[in-house]
$ cat my_file.tsv   # TSV, C-alpha atoms
chain	number	residue	atom	x	y	z
V	1	MET	CA	6.92	16.10	28.18
V	2	LEU	CA	9.75	15.78	25.65
V	3	GLU	CA	10.38	18.98	23.70
V	4	ASN	CA	11.66	19.93	20.25
V	5	TYR	CA	9.99	17.21	18.22
V	6	GLU	CA	10.41	19.29	15.04
V	7	LYS	CA	14.20	19.09	15.35
V	8	PHE	CA	13.94	15.37	16.12
V	9	LYS	CA	11.97	14.78	12.89
V	10	LYS	CA	14.69	16.57	10.92
V	11	ASP	CA	17.42	14.56	12.67
V	12	VAL	CA	15.61	11.30	11.92
V	13	PHE	CA	15.20	12.25	8.27
V	14	ALA	CA	18.90	13.17	7.98
V	15	LEU	CA	19.85	9.84	9.54
V	16	THR	CA	17.39	7.49	7.84
V	17	SER	CA	15.57	9.38	5.01
V	18	ILE	CA	12.37	8.49	6.88
V	19	ASP	CA	9.92	11.38	6.98
V	20	LEU	CA	8.02	11.32	10.27
V	21	ASN	CA	5.71	14.01	8.91
V	22	ALA	CA	3.93	11.16	7.14
V	23	TYR	CA	2.59	9.99	10.51
V	24	LYS	CA	-0.04	11.59	12.69
V	25	GLU	CA	2.09	13.53	15.15
V	26	LYS	CA	0.23	12.89	18.40
V	27	GLN	CA	0.18	9.15	17.91
V	28	MET	CA	3.77	8.94	16.65
V	29	ARG	CA	5.16	11.12	19.44
V	30	ARG	CA	3.47	8.96	22.03
V	31	ARG	CA	4.99	5.79	20.57
V	32	ILE	CA	8.47	7.27	20.19
V	33	ASN	CA	8.35	8.76	23.68
V	34	THR	CA	7.58	5.31	25.03
V	35	LEU	CA	10.58	3.92	23.18
V	36	ILE	CA	12.86	6.68	24.55
V	37	THR	CA	11.62	6.01	28.08
V	38	LYS	CA	12.33	2.29	27.66
V	39	ASN	CA	15.91	3.23	26.82
V	40	LYS	CA	16.07	5.30	30.03
V	41	LEU	CA	16.74	8.58	28.21
V	42	ASP	CA	15.40	12.06	28.86
V	43	ASP	CA	15.19	13.83	25.50
V	44	TYR	CA	15.18	13.48	21.73
V	45	ASP	CA	18.79	14.65	21.28
V	46	GLU	CA	20.03	11.90	23.59
V	47	TYR	CA	18.05	9.34	21.65
V	48	ILE	CA	19.44	10.55	18.31
V	49	ARG	CA	22.98	10.25	19.73
V	50	LEU	CA	22.17	6.72	20.90
V	51	ILE	CA	20.88	5.46	17.54
V	52	LYS	CA	23.82	7.13	15.76
V	53	ARG	CA	26.39	5.17	17.76
V	54	ASP	CA	24.51	1.92	18.47
V	55	LYS	CA	23.51	-0.10	15.38
V	56	GLU	CA	21.27	-2.42	17.41
V	57	LYS	CA	19.32	0.56	18.80
V	58	PHE	CA	19.17	2.09	15.32
V	59	ASP	CA	17.70	-1.15	13.94
V	60	GLN	CA	15.28	-1.30	16.87
V	61	PHE	CA	14.04	2.20	16.02
V	62	VAL	CA	13.61	1.51	12.30
V	63	ASN	CA	11.90	-1.83	12.97
V	64	PHE	CA	9.61	-0.02	15.40
V	65	LEU	CA	8.26	1.91	12.41
V	66	THR	CA	7.61	-1.23	10.32
V	67	ILE	CA	5.08	-3.20	12.37
V	68	ASN	CA	1.72	-4.44	11.06
V	69	VAL	CA	2.57	-4.53	7.38
V	70	SER	CA	0.95	-6.71	4.75
V	71	GLU	CA	2.77	-8.12	1.74
V	72	PHE	CA	3.99	-7.11	-1.72
V	73	TYR	CA	3.02	-9.32	-4.69
V	74	ARG	CA	0.79	-11.47	-2.51
V	75	ASN	CA	-0.01	-14.69	-4.43
V	76	PRO	CA	2.66	-14.21	-7.13
V	77	GLU	CA	0.90	-16.45	-9.66
V	78	GLN	CA	-2.00	-13.98	-9.75
V	79	TRP	CA	0.39	-11.08	-10.33
V	80	LYS	CA	1.92	-13.10	-13.18
V	81	PHE	CA	-1.53	-13.31	-14.81
V	82	LEU	CA	-2.00	-9.57	-14.23
V	83	ASP	CA	1.35	-8.88	-15.87
V	84	GLU	CA	1.05	-11.24	-18.83
V	85	GLU	CA	-2.67	-11.10	-19.62
V	86	VAL	CA	-4.57	-8.32	-17.87
V	87	PHE	CA	-2.29	-5.31	-18.31
V	88	PRO	CA	-1.66	-5.95	-22.03
V	89	GLU	CA	-5.42	-6.32	-22.65
V	90	LEU	CA	-6.26	-3.17	-20.68
V	91	ILE	CA	-3.59	-1.18	-22.51
V	92	ARG	CA	-4.89	-2.41	-25.88
V	93	THR	CA	-8.42	-1.41	-24.89
V	94	PHE	CA	-7.87	1.85	-23.00
V	95	GLY	CA	-4.39	3.07	-23.93
V	96	ARG	CA	-1.30	3.70	-21.81
V	97	HIS	CA	-2.87	5.97	-19.18
V	98	LEU	CA	-4.89	3.49	-17.15
V	99	LYS	CA	-7.15	4.68	-14.35
V	100	ILE	CA	-6.59	2.27	-11.44
V	101	TRP	CA	-8.04	2.12	-7.93
V	102	SER	CA	-6.45	0.08	-5.14
V	103	ALA	CA	-9.34	-0.15	-2.65
V	104	ALA	CA	-8.68	-1.00	1.02
V	105	CYS	CA	-4.96	-0.65	0.28
V	106	SER	CA	-3.74	-1.04	3.88
V	107	THR	CA	-0.03	-0.12	4.27
V	108	GLY	CA	0.56	0.46	0.56
V	109	ASP	CA	2.12	-2.86	-0.43
V	110	GLU	CA	-0.56	-3.44	-3.06
V	111	PRO	CA	-0.61	-0.08	-4.89
V	112	TYR	CA	3.19	0.04	-4.90
V	113	SER	CA	3.22	-3.50	-6.32
V	114	LEU	CA	0.80	-2.31	-9.01
V	115	VAL	CA	3.11	0.56	-9.96
V	116	MET	CA	6.10	-1.74	-10.29
V	117	ALA	CA	4.16	-4.36	-12.24
V	118	LEU	CA	2.69	-1.78	-14.61
V	119	SER	CA	6.10	-0.15	-15.10
V	120	LYS	CA	7.05	-3.17	-17.25
V	121	HIS	CA	4.45	-1.98	-19.78
V	122	VAL	CA	4.41	1.82	-19.58
V	123	PRO	CA	6.74	4.55	-18.24
V	124	LEU	CA	6.33	5.58	-14.58
V	125	THR	CA	5.25	9.04	-15.80
V	126	ASN	CA	2.10	7.39	-17.25
V	127	ILE	CA	1.14	5.70	-13.97
V	128	HIS	CA	-1.26	7.18	-11.43
V	129	ILE	CA	-3.02	4.96	-8.92
V	130	ILE	CA	-5.70	6.00	-6.45
V	131	ALA	CA	-5.19	4.06	-3.20
V	132	THR	CA	-7.74	4.22	-0.40
V	133	ASP	CA	-8.32	2.82	3.06
V	134	ILE	CA	-10.61	3.60	5.96
V	135	ASP	CA	-7.71	3.67	8.46
V	136	LYS	CA	-5.70	6.90	8.56
V	137	GLN	CA	-2.86	5.24	10.45
V	138	VAL	CA	-2.16	2.64	7.77
V	139	LEU	CA	-2.37	5.39	5.13
V	140	ASP	CA	0.30	7.31	7.04
V	141	LYS	CA	2.44	4.19	7.01
V	142	ALA	CA	1.78	3.67	3.30
V	143	ARG	CA	2.93	7.22	2.54
V	144	MET	CA	6.12	6.57	4.49
V	145	GLY	CA	6.89	3.50	2.37
V	146	LEU	CA	9.03	1.58	4.89
V	147	TYR	CA	8.76	-2.22	5.02
V	148	ASN	CA	10.36	-5.23	6.63
V	149	GLU	CA	12.13	-8.02	4.78
V	150	LYS	CA	9.19	-10.42	4.97
V	151	SER	CA	6.87	-7.89	3.34
V	152	ILE	CA	9.01	-7.58	0.22
V	153	ALA	CA	9.97	-11.27	-0.05
V	154	SER	CA	7.88	-11.82	-3.20
V	155	VAL	CA	9.00	-8.65	-5.00
V	156	PRO	CA	10.88	-9.59	-8.22
V	157	GLU	CA	14.64	-9.21	-7.75
V	158	GLU	CA	14.90	-6.58	-10.49
V	159	PHE	CA	12.50	-4.33	-8.59
V	160	LYS	CA	14.08	-5.01	-5.18
V	161	LYS	CA	17.42	-3.81	-6.51
V	162	LYS	CA	15.96	-0.88	-8.43
V	163	TYR	CA	13.33	0.51	-6.08
V	164	PHE	CA	14.25	-0.42	-2.48
V	165	THR	CA	16.95	0.99	-0.21
V	166	LYS	CA	18.00	-0.83	2.96
V	167	VAL	CA	17.60	1.24	6.13
V	168	GLY	CA	18.71	-0.77	9.15
V	169	ASN	CA	16.92	-4.10	8.84
V	170	SER	CA	14.10	-2.55	6.82
V	171	TYR	CA	13.55	-1.39	3.25
V	172	LYS	CA	12.42	2.01	1.99
V	173	ILE	CA	10.63	2.22	-1.35
V	174	ALA	CA	11.86	4.74	-3.91
V	175	ASP	CA	10.22	8.16	-4.17
V	176	GLU	CA	9.70	7.65	-7.92
V	177	ILE	CA	7.32	4.76	-7.06
V	178	LYS	CA	5.64	6.70	-4.26
V	179	ARG	CA	4.92	9.62	-6.60
V	180	CYS	CA	2.71	7.37	-8.73
V	181	VAL	CA	0.25	6.72	-5.89
V	182	GLU	CA	-2.33	9.09	-4.43
V	183	PHE	CA	-3.52	7.94	-0.98
V	184	GLN	CA	-6.96	8.96	0.31
V	185	GLN	CA	-9.17	7.95	3.22
V	186	HIS	CA	-12.29	6.12	2.04
V	187	ASN	CA	-15.03	3.95	3.54
V	188	LEU	CA	-16.17	1.24	1.10
V	189	LEU	CA	-19.53	0.99	2.83
V	190	LYS	CA	-20.59	4.62	2.67
V	191	ASP	CA	-18.35	6.92	0.60
V	192	PRO	CA	-18.79	7.64	-3.14
V	193	TYR	CA	-16.64	5.48	-5.42
V	194	PRO	CA	-14.25	6.78	-8.10
V	195	ARG	CA	-15.70	6.60	-11.62
V	196	ASP	CA	-14.62	5.54	-15.13
V	197	LEU	CA	-11.98	3.10	-13.86
V	198	ASN	CA	-10.07	0.62	-15.99
V	199	LEU	CA	-8.94	-1.59	-13.11
V	200	ILE	CA	-10.07	-2.02	-9.50
V	201	VAL	CA	-7.93	-4.05	-7.13
V	202	CYS	CA	-9.61	-5.02	-3.85
V	203	ARG	CA	-8.16	-8.13	-2.25
V	204	ASN	CA	-8.84	-10.08	0.93
V	205	VAL	CA	-11.06	-7.38	2.44
V	206	VAL	CA	-14.62	-7.96	1.27
V	207	ILE	CA	-14.53	-11.40	2.91
V	208	TYR	CA	-15.03	-9.66	6.27
V	209	PHE	CA	-18.36	-8.11	5.24
V	210	THR	CA	-21.87	-9.55	5.31
V	211	GLU	CA	-23.29	-11.05	2.11
V	212	GLU	CA	-25.53	-8.02	1.67
V	213	ALA	CA	-22.60	-5.64	2.05
V	214	LYS	CA	-20.51	-7.72	-0.37
V	215	ASP	CA	-23.24	-7.57	-3.00
V	216	GLU	CA	-23.53	-3.81	-2.60
V	217	ILE	CA	-19.75	-3.38	-2.94
V	218	TYR	CA	-19.50	-5.58	-6.02
V	219	LYS	CA	-22.41	-3.69	-7.61
V	220	LYS	CA	-20.65	-0.39	-6.94
V	221	PHE	CA	-17.37	-1.77	-8.30
V	222	HIS	CA	-19.21	-2.75	-11.48
V	223	ASP	CA	-20.75	0.71	-11.80
V	224	SER	CA	-17.33	2.35	-11.25
V	225	LEU	CA	-15.65	0.43	-14.07
V	226	LYS	CA	-15.70	1.36	-17.72
V	227	GLN	CA	-17.02	-1.34	-20.04
V	228	ASN	CA	-14.34	-4.07	-20.35
V	229	GLY	CA	-12.68	-2.80	-17.18
V	230	MET	CA	-11.36	-5.38	-14.75
V	231	LEU	CA	-11.83	-6.27	-11.07
V	232	PHE	CA	-8.99	-8.13	-9.29
V	233	ILE	CA	-10.02	-9.79	-5.99
V	234	GLY	CA	-8.13	-11.76	-3.33
V	235	SER	CA	-7.38	-15.46	-3.11
V	236	THR	CA	-9.57	-15.73	0.01
V	237	GLU	CA	-12.62	-14.47	-1.92
V	238	GLN	CA	-15.09	-15.71	-4.50
V	239	ILE	CA	-17.91	-14.00	-6.37
V	240	MET	CA	-20.29	-16.91	-6.88
V	241	ASN	CA	-23.05	-14.69	-8.26
V	242	TYR	CA	-20.80	-12.62	-10.55
V	243	LYS	CA	-23.26	-12.91	-13.46
V	244	GLU	CA	-25.86	-11.00	-11.41
V	245	PHE	CA	-23.48	-8.02	-11.49
V	246	ASP	CA	-22.86	-8.36	-15.22
V	247	PHE	CA	-19.28	-9.58	-14.78
V	248	ILE	CA	-17.46	-12.12	-16.92
V	249	ARG	CA	-14.96	-14.31	-15.09
V	250	LYS	CA	-11.63	-14.10	-16.91
V	251	GLN	CA	-9.73	-16.21	-14.40
V	252	SER	CA	-10.31	-17.30	-10.79
V	253	PHE	CA	-9.70	-13.85	-9.31
V	254	PHE	CA	-10.25	-11.56	-12.30
V	255	PHE	CA	-13.66	-10.35	-13.43
V	256	GLN	CA	-14.40	-8.16	-16.44
V	257	LYS	CA	-17.30	-5.76	-16.79
V	258	ALA	CA	-19.43	-7.13	-19.62

$ encode --input "my_file.tsv" --output "structure tokens"
Amino acid sequence: MLENYEKFKKDVFALTSIDLNAYKEKQMRRRINTLITKNKLDDYDEYIRLIKRDKEKFDQFVNFLTINVSEFYRNPEQWKFLDEEVFPELIRTFGRHLKIWSAACSTGDEPYSLVMALSKHVPLTNIHIIATDIDKQVLDKARMGLYNEKSIASVPEEFKKKYFTKVGNSYKIADEIKRCVEFQQHNLLKDPYPRDLNLIVCRNVVIYFTEEAKDEIYKKFHDSLKQNGMLFIGSTEQIMNYKEFDFIRKQSFFFQKA
């Protein structure tokens, strides 16, 4: 068994600014140990020396930490509507401290996109987003905030330059964006929902549930929103019976609590 993982984590952070403490240790050690073995090395110090001197191996290591990511600003035209119509209306109605929930947030692309989009309207110090997912591993990845080039392709150029730092072939999101998001584990089908929300974003997830489960989730979303609060769903989803839940359709993927 490879020893001195604590020192290795510090070495990796010094080299890449990537905090391996954001990952579950047992799982991450197993994956990194496999990578070290593939490189025919015996310990963490040897591997650190390798990635310091060999850019290709360094990129391989960083890319190894960026698998299975989703996508920032997915469906940009919907984010444009959020930016130009939804956020201004919510701010007029509820003020500058909006209570937002990114449900089933996966690897964090969505809540971080929300922070950046909202930052055009209010200071970052006013932004706090609750982001939840059932999978602890993707939450660990979200907290790390490391993404590949494809994931951030739709991010507006101003935000790419301002909030992302290149690390190898990957991109690390700024701590000032990360501080605006609180990640929690949550099961949409059984756990209590946050209350008194102004905006719920849950995209391309509910489609995988049964019709009965969908109805239950949409009912709970409605109950969690304040009057005139908004629900933002994914482009793969429709709420045909939205009137049953007392929603008003504002646009194809935006529904307001009546």

$ closest_residue --input "my_file.tsv" --among "V:Val167, V:Val138, V:Ile32, V:Ile233" --to "Phe58 in chain V" --atoms "all atoms listed in the file"
V:Val167

$ atom_distance --input "my_file.tsv" --atom1 "CA of Lys9 in chain V" --atom2 "CA of Asp54 in chain V"
18.8 Å

$ residues_around --input "my_file.tsv" --residues "Ile48 in chain V" --least-positions-apart "2" --cutoff "9 Å" --atoms "all atoms listed in the file" --output "number ranges by chain"
V: 8, 11-12, 15, 43-46, 50-53, 58

$ closest_residue --input "my_file.tsv" --among "V:Ile177, V:Val86, V:Met116, V:Ile134" --to "Lys250 in chain V" --atoms "only C-alpha atoms"
V:Val86

$ residues_around --input "my_file.tsv" --residues "range 239-249 of chain V" --least-positions-apart "4" --cutoff "12 Å" --atoms "all atoms listed in the file" --output "number ranges by chain"
V: 206-207, 211, 214-223, 225-235, 253-258

$ residues_around --input "my_file.tsv" --residues "His186 in chain V" --least-positions-apart "2" --cutoff "8 Å" --atoms "all atoms listed in the file" --output "PyMOL selection string"
chain V and resi 132-134+184+188+191

$ closest_residue --input "my_file.tsv" --among "V:Glu237, V:Glu158, V:Ala153, V:Ala104" --to "Lys120 in chain V" --atoms "all atoms listed in the file"
V:Glu158

$ atom_distance --input "my_file.tsv" --atom1 "CA of Lys55 in chain V" --atom2 "CA of Lys166 in chain V"
13.6 Å

$ residues_near_point --input "my_file.tsv" --point "(7.6, 11.2, 9.9)" --cutoff "12 Å" --atoms "all atoms listed in the file" --output "compact mmCIF listing (two decimals) with C-alpha atoms, in the coordinates of the input"
# COMPACT_ATOMS: atom_id res chain seq x y z
CA TYR V 5 9.99 17.21 18.22
CA GLU V 6 10.41 19.29 15.04
CA LYS V 7 14.20 19.09 15.35
CA PHE V 8 13.94 15.37 16.12
CA LYS V 9 11.97 14.78 12.89
CA LYS V 10 14.69 16.57 10.92
CA ASP V 11 17.42 14.56 12.67
CA VAL V 12 15.61 11.30 11.92
CA PHE V 13 15.20 12.25 8.27
CA ALA V 14 18.90 13.17 7.98
CA THR V 16 17.39 7.49 7.84
CA SER V 17 15.57 9.38 5.01
CA ILE V 18 12.37 8.49 6.88
CA ASP V 19 9.92 11.38 6.98
CA LEU V 20 8.02 11.32 10.27
CA ASN V 21 5.71 14.01 8.91
CA ALA V 22 3.93 11.16 7.14
CA TYR V 23 2.59 9.99 10.51
CA LYS V 24 -0.04 11.59 12.69
CA GLU V 25 2.09 13.53 15.15
CA LYS V 26 0.23 12.89 18.40
CA GLN V 27 0.18 9.15 17.91
CA MET V 28 3.77 8.94 16.65
CA ARG V 29 5.16 11.12 19.44
CA ILE V 32 8.47 7.27 20.19
CA VAL V 62 13.61 1.51 12.30
CA LEU V 65 8.26 1.91 12.41
CA ASP V 140 0.30 7.31 7.04
CA LYS V 141 2.44 4.19 7.01
CA ALA V 142 1.78 3.67 3.30
CA ARG V 143 2.93 7.22 2.54
CA MET V 144 6.12 6.57 4.49
CA GLY V 145 6.89 3.50 2.37
CA LEU V 146 9.03 1.58 4.89

$ atom_distance --input "my_file.tsv" --atom1 "CA of Lys178 in chain V" --atom2 "CA of Leu199 in chain V"
19.0 Å

$ closest_residue --input "my_file.tsv" --among "V:Ile173, V:Leu98, V:Val122, V:Leu139" --to "Asn198 in chain V" --atoms "only C-alpha atoms"
V:Leu98

$ residues_around --input "my_file.tsv" --residues "Lys99 in chain V" --least-positions-apart "6" --cutoff "12 Å" --atoms "all atoms listed in the file" --output "list in words"
Phe87, Leu90, Ile91, Leu114, Val115, Leu118, Asn126, Ile127, His128, Ile129, Ile130, Ala131, Cys180, Val181, Glu182, Pro194, Arg195, Asp196, Leu197, Asn198, Leu199, Ile200, Val201, Ser224, Leu225, Lys226, Gly229 and Met230 of chain V

$ closest_residue --input "my_file.tsv" --among "V:Ser119, V:Gln251, V:Asn148, V:Thr93" --to "Gly168 in chain V" --atoms "only C-alpha atoms"
V:Asn148

$ residues_around --input "my_file.tsv" --residues "Pro156 in chain V" --least-positions-apart "5" --cutoff "12 Å" --atoms "only C-alpha atoms" --output "PyMOL selection string"
chain V and resi 72-74+76+79-80+113+116-117+120+161-164

$ closest_residue --input "my_file.tsv" --among "V:Glu3, V:Arg49, V:Asp135, V:Tyr147" --to "Ser106 in chain V" --atoms "all atoms listed in the file"
V:Asp135
